[in-house]
Amino acid sequence: MSEVTIKVEGMSCGGCVNNVTGVLKALAGVDDAQVSLENASATVRYDPARVSIEALRAAVENAGFDSPAS
Ligand code: 9UX
């Protein structure tokens, strides 16, 4: 397992945090996701053999938020 922190911009409430957490955890290869409204970020524990950082960011974007490359 690896861990990465990606940017998650555009969240405005705890519901957004739950939504982003859900879409990240739904991805095959994601073990855990800790999303921070205050830091506009998500720290994700994942298996790089199964899911890429780009795929993590794409999932966040598809959920309606912005995840610019760090
Ligand atoms: Mo918060 Mo986010 O009210 O998609 S749930 S704005």
# chains A, B, ... in the order shown; residues from 1 in each chain; ligands from 1
call {"tool": "closest_atom_pairs", "arguments": {"of": "chain A", "to": "ligand 1", "cutoff": "6 Å", "atoms": "only C-alpha atoms and all ligand atoms", "output": "tab-separated table"}}
result
residue	atom	partner	partner_atom_place_in_ligand_line	distance
A:Met11	CA	ligand 1	2 (Mo)	5.7
A:Ser12	CA	ligand 1	6 (S)	4.9
A:Cys13	CA	ligand 1	1 (Mo)	4.1
A:Gly15	CA	ligand 1	5 (S)	3.7
A:Cys16	CA	ligand 1	2 (Mo)	3.6
call {"tool": "closest_atom_pairs", "arguments": {"of": "range 7-34 of chain A", "to": "range 58-65 of chain A", "cutoff": "10 Å", "atoms": "only C-alpha atoms", "output": "Markdown table"}}
result
| residue | atom | partner | partner_atom | distance |
| --- | --- | --- | --- | --- |
| A:Lys7 | CA | A:Val60 | CA | 9.4 |
| A:Val8 | CA | A:Phe65 | CA | 6.5 |
| A:Glu9 | CA | A:Phe65 | CA | 5.9 |
| A:Gly10 | CA | A:Phe65 | CA | 5.4 |
| A:Met11 | CA | A:Phe65 | CA | 7.0 |
| A:Cys16 | CA | A:Phe65 | CA | 9.0 |
| A:Asn19 | CA | A:Ala63 | CA | 7.7 |
| A:Val20 | CA | A:Val60 | CA | 6.4 |
| A:Thr21 | CA | A:Val60 | CA | 9.2 |
| A:Gly22 | CA | A:Ala63 | CA | 9.9 |
| A:Val23 | CA | A:Ala59 | CA | 6.6 |
| A:Leu24 | CA | A:Ala59 | CA | 6.8 |
| A:Ala26 | CA | A:Ala59 | CA | 9.5 |
| A:Leu27 | CA | A:Ala59 | CA | 8.3 |
call {"tool": "select_by_dssp", "arguments": {"residues": "chain A", "states": "strand (DSSP E)", "output": "count of residues only"}}
result
19
call {"tool": "closest_residue", "arguments": {"among": "A:Asn39, A:Asn18, A:Gln34, A:Ser2", "to": "Val51 in chain A", "atoms": "only C-alpha atoms"}}
result
A:Ser2
call {"tool": "atom_distance", "arguments": {"atom1": "CA of Ala28 in chain A", "atom2": "CA of Gly14 in chain A"}}
result
23.9 Å
call {"tool": "atom_distance", "arguments": {"atom1": "CA of Leu37 in chain A", "atom2": "CA of Ala49 in chain A"}}
result
28.2 Å
call {"tool": "residues_around", "arguments": {"residues": "range 4-6 of chain A", "least_positions_apart": "2", "cutoff": "6 Å", "atoms": "only C-alpha atoms", "output": "VMD selection string"}}
result
chain A and resid 41 to 44
call {"tool": "write_last_selection", "arguments": {"atoms": "N, CA and C atoms", "output": "PDB file, in the first residue's frame"}}
result
ATOM      1  N   SER A  41      -8.191  18.682   0.872  1.00  0.00           N
ATOM      2  CA  SER A  41      -7.343  17.589   0.415  1.00  0.00           C
ATOM      3  C   SER A  41      -7.930  16.241   0.817  1.00  0.00           C
ATOM      4  N   ALA A  42      -7.391  15.214   0.208  1.00  0.00           N
ATOM      5  CA  ALA A  42      -7.736  13.841   0.581  1.00  0.00           C
ATOM      6  C   ALA A  42      -6.442  13.041   0.664  1.00  0.00           C
ATOM      7  N   THR A  43      -6.278  12.364   1.788  1.00  0.00           N
ATOM      8  CA  THR A  43      -5.145  11.464   1.943  1.00  0.00           C
ATOM      9  C   THR A  43      -5.667  10.050   1.750  1.00  0.00           C
ATOM     10  N   VAL A  44      -5.099   9.374   0.767  1.00  0.00           N
ATOM     11  CA  VAL A  44      -5.639   8.098   0.309  1.00  0.00           C
ATOM     12  C   VAL A  44      -4.581   7.007   0.459  1.00  0.00           C
TER      13      VAL A  44
END
call {"tool": "closest_residue", "arguments": {"among": "A:Arg57, A:Arg45, A:Lys25, A:Arg50", "to": "Ala69 in chain A", "atoms": "only C-alpha atoms"}}
result
A:Arg57
call {"tool": "select_by_dssp", "arguments": {"residues": "range 11-51 of chain A", "states": "alpha helix (DSSP H)", "output": "PyMOL selection string"}}
result
chain A and resi 14-25
call {"tool": "atom_distance", "arguments": {"atom1": "CA of Ala33 in chain A", "atom2": "CA of Glu54 in chain A"}}
result
15.3 Å
call {"tool": "closest_residue", "arguments": {"among": "A:Val30, A:Val17, A:Ala40, A:Met1", "to": "Pro68 in chain A", "atoms": "only C-alpha atoms"}}
result
A:Ala40
